[in-house]
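Structure first, commentary second.
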Amino acid sequence: MKDQTSEPESYDVSFFAADCALNPVARVQRHGDAFLVLMPGVLSRPIRAQSTDLVGSNETLEGKLAPAGYRVCPLRKRGLSLSPHVTVGRTANNDIVLSDVSVSKVHAYLRREGADYAVLDAGSRNGTFVDEKPAPAKGRPLRLETGARVRFGTVEAMFLRAVEFWRFVEGLAAGRALPR
């Protein structure tokens, strides 16, 4: 089994742009099939984990602000937490680390449900929300649709599946706007 803790914490956009030449299956194998695109300017300290700065576009993705100057976190396990789900939180033992005072040590769990993703709050102090609907700490998690706004405390992100994410990266690499 691959030791995911040895992977770099972040990649620059040229890393993703170079992978536009890969077929979609190879892209998913390399980067995963879902991403959190973090909104800029809301973190009290820089974020860590598998995140990437994307710079250079203010285009919209189906009427929503696209990831320009934002941070991108692939939804995948890094092997740091004991949870079988992707963990989001403030401490380094999470799969996605958001170094913000509004984010709890272990804030939320992102989990696979068949072909879909869903989110559960981990009992955080400031809550987890999907399109402003609170995610439960127990019971049935909230399903994530591509383009959904997810908020961890005050840190906002957009959930994107691979197709929409790669459309953006291809457009950025080609220097063109996103399709509407």
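Every chain in the structure tokens takes a letter, A first, then B, and so on in the order presented; its residues are numbered from 1, and the ligands are numbered from 1 following the presented order.
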
Query raised in the report: Hey, what's within 8 Å of stretch 27-39 of chain A if we count only C-alpha atoms and toss same-chain stuff fewer than 4 positions away? As a VMD selection string, please?
Result: chain A and resid 19 to 20 22 to 23 67 70 to 76 155 to 162 165

Dump C-alpha atoms for the selected residues as an mmCIF file, in the first residue's frame?
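Just written: out35.cif:
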data_model
loop_
_atom_site.group_PDB
_atom_site.id
_atom_site.type_symbol
_atom_site.label_atom_id
_atom_site.label_comp_id
_atom_site.auth_asym_id
_atom_site.auth_seq_id
_atom_site.Cartn_x
_atom_site.Cartn_y
_atom_site.Cartn_z
ATOM 1 C CA ASP A 19 -2.159 16.555 -16.829
ATOM 2 C CA CYS A 20 -4.809 17.898 -19.222
ATOM 3 C CA LEU A 22 -4.063 12.564 -19.820
ATOM 4 C CA ASN A 23 -7.265 10.668 -20.456
ATOM 5 C CA PRO A 67 -11.643 28.862 -8.723
ATOM 6 C CA TYR A 70 -8.476 29.934 -4.770
ATOM 7 C CA ARG A 71 -7.046 26.818 -3.136
ATOM 8 C CA VAL A 72 -7.825 23.323 -4.379
ATOM 9 C CA CYS A 73 -7.904 20.253 -2.136
ATOM 10 C CA PRO A 74 -8.422 16.863 -3.805
ATOM 11 C CA LEU A 75 -10.825 14.694 -1.782
ATOM 12 C CA ARG A 76 -8.661 11.729 -0.932
ATOM 13 C CA VAL A 155 -14.187 28.796 5.641
ATOM 14 C CA GLU A 156 -16.146 28.503 2.405
ATOM 15 C CA ALA A 157 -15.497 25.996 -0.346
ATOM 16 C CA MET A 158 -17.126 24.777 -3.533
ATOM 17 C CA PHE A 159 -17.457 21.037 -4.135
ATOM 18 C CA LEU A 160 -16.549 20.030 -7.695
ATOM 19 C CA ARG A 161 -16.534 16.637 -9.335
ATOM 20 C CA ALA A 162 -13.675 15.825 -11.687
ATOM 21 C CA PHE A 165 -12.745 20.752 -12.197
#

Query raised in the report: A:Gly123: which residues within 10 Å, counting only C-alpha atoms, same-chain residues fewer than 5 positions away excluded, as a ChimeraX atom specification?
Result: /A:104,106-108,128,135-138

Would you output that residue set with N, CA, C and O atoms, as a PDB file, in the first residue's frame?
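To be explicit, this is the file written out as part.pdb:
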ATOM      1  N   SER A 104     -12.707  23.488  13.761  1.00  0.00           N
ATOM      2  CA  SER A 104     -12.355  22.628  14.891  1.00  0.00           C
ATOM      3  C   SER A 104     -11.190  21.707  14.546  1.00  0.00           C
ATOM      4  O   SER A 104     -10.864  21.512  13.365  1.00  0.00           O
ATOM      5  N   VAL A 106     -10.947  18.445  14.550  1.00  0.00           N
ATOM      6  CA  VAL A 106     -11.546  17.547  13.560  1.00  0.00           C
ATOM      7  C   VAL A 106     -12.933  18.112  13.340  1.00  0.00           C
ATOM      8  O   VAL A 106     -13.778  18.063  14.220  1.00  0.00           O
ATOM      9  N   HIS A 107     -13.176  18.666  12.175  1.00  0.00           N
ATOM     10  CA  HIS A 107     -14.383  19.447  11.934  1.00  0.00           C
ATOM     11  C   HIS A 107     -15.488  18.673  11.207  1.00  0.00           C
ATOM     12  O   HIS A 107     -16.655  18.780  11.557  1.00  0.00           O
ATOM     13  N   ALA A 108     -15.103  17.903  10.170  1.00  0.00           N
ATOM     14  CA  ALA A 108     -16.118  17.223   9.350  1.00  0.00           C
ATOM     15  C   ALA A 108     -15.530  15.969   8.713  1.00  0.00           C
ATOM     16  O   ALA A 108     -14.312  15.816   8.618  1.00  0.00           O
ATOM     17  N   THR A 128     -20.872  22.732  10.134  1.00  0.00           N
ATOM     18  CA  THR A 128     -20.584  22.459   8.728  1.00  0.00           C
ATOM     19  C   THR A 128     -21.893  22.641   7.983  1.00  0.00           C
ATOM     20  O   THR A 128     -22.927  22.129   8.424  1.00  0.00           O
ATOM     21  N   ALA A 135     -25.088  20.490   8.268  1.00  0.00           N
ATOM     22  CA  ALA A 135     -24.811  19.059   8.143  1.00  0.00           C
ATOM     23  C   ALA A 135     -24.965  18.427   9.520  1.00  0.00           C
ATOM     24  O   ALA A 135     -24.492  18.978  10.513  1.00  0.00           O
ATOM     25  N   PRO A 136     -25.615  17.281   9.601  1.00  0.00           N
ATOM     26  CA  PRO A 136     -25.797  16.637  10.901  1.00  0.00           C
ATOM     27  C   PRO A 136     -24.495  16.025  11.414  1.00  0.00           C
ATOM     28  O   PRO A 136     -23.607  15.694  10.630  1.00  0.00           O
ATOM     29  N   ALA A 137     -24.395  15.875  12.723  1.00  0.00           N
ATOM     30  CA  ALA A 137     -23.253  15.181  13.327  1.00  0.00           C
ATOM     31  C   ALA A 137     -23.518  13.678  13.385  1.00  0.00           C
ATOM     32  O   ALA A 137     -22.589  12.889  13.434  1.00  0.00           O
ATOM     33  N   LYS A 138     -24.792  13.300  13.368  1.00  0.00           N
ATOM     34  CA  LYS A 138     -25.190  11.888  13.389  1.00  0.00           C
ATOM     35  C   LYS A 138     -26.303  11.684  12.379  1.00  0.00           C
ATOM     36  O   LYS A 138     -26.981  12.622  11.985  1.00  0.00           O
TER      37      LYS A 138
END

Query - Selected residue of minimal separation from A:Asn93 among A:Thr146, A:Ala115, A:Ala21, A:Lys77, counting only C-alpha atoms - result: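 Ranked by minimum distance to A:Asn93, first place goes to A:Lys77.
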
Query raised in the report: If you measure from atom CA of A:Lys133 to atom CA of A:Glu145, what distance in Å do you get, rounded to one decimal?
Result: 13.1 Å

Just the alpha helix (DSSP H) stuff from stretch 127-165 of chain A, please, per backbone DSSP, written as a PDB file with C-alpha atoms, in the first residue's frame.
ATOM      1  CA  ALA A 162     -13.675  15.825 -11.687  1.00  0.00           C
ATOM      2  CA  VAL A 163     -15.478  16.767 -14.925  1.00  0.00           C
ATOM      3  CA  GLU A 164     -16.160  20.350 -13.807  1.00  0.00           C
ATOM      4  CA  PHE A 165     -12.745  20.752 -12.197  1.00  0.00           C
TER       5      PHE A 165
END

Query raised in the report: Can you tell me, as a PyMOL selection string, what residues are no more than 9 Å from A:Tyr109 when counting only C-alpha atoms, ignoring any on the same chain fewer than 2 positions away?
Result: chain A and resi 83+85-88+106-107+111+118-122

Report task. Identify, with DSSP run on backbone atoms, the residues in stretch 106-150 of chain A assigned to strand (DSSP E), and express the list as a VMD selection string. Result -> chain A and resid 108 to 113 116 to 121 128 to 130 133 to 134 142 to 144 149 to 150

Include C-alpha atoms and write out the residues we just selected as a compact mmCIF listing (two decimals), in the first residue's frame.
# COMPACT_ATOMS: atom_id res chain seq x y z
CA ALA A 108 -16.12 17.22 9.35
CA TYR A 109 -16.09 13.89 7.54
CA LEU A 110 -16.46 13.64 3.78
CA ARG A 111 -17.45 10.17 2.72
CA ARG A 112 -18.17 8.21 -0.38
CA GLU A 113 -21.71 6.87 -0.79
CA ASP A 116 -21.70 10.27 -4.61
CA TYR A 117 -20.04 12.17 -1.78
CA ALA A 118 -21.68 13.27 1.46
CA VAL A 119 -20.65 15.30 4.50
CA LEU A 120 -21.17 14.84 8.24
CA ASP A 121 -20.20 17.37 10.88
CA THR A 128 -20.58 22.46 8.73
CA PHE A 129 -23.07 23.69 6.13
CA VAL A 130 -23.97 22.70 2.56
CA LYS A 133 -28.15 23.83 5.36
CA PRO A 134 -26.49 22.44 8.52
CA LEU A 142 -25.89 15.70 3.45
CA ARG A 143 -25.25 14.69 -0.15
CA LEU A 144 -22.84 16.91 -2.08
CA ARG A 149 -21.13 25.60 -1.35
CA VAL A 150 -19.68 23.91 1.71

Report summary line: re atom CA of A:Pro84 and atom CA of A:Ser124: distance 18.4 Å
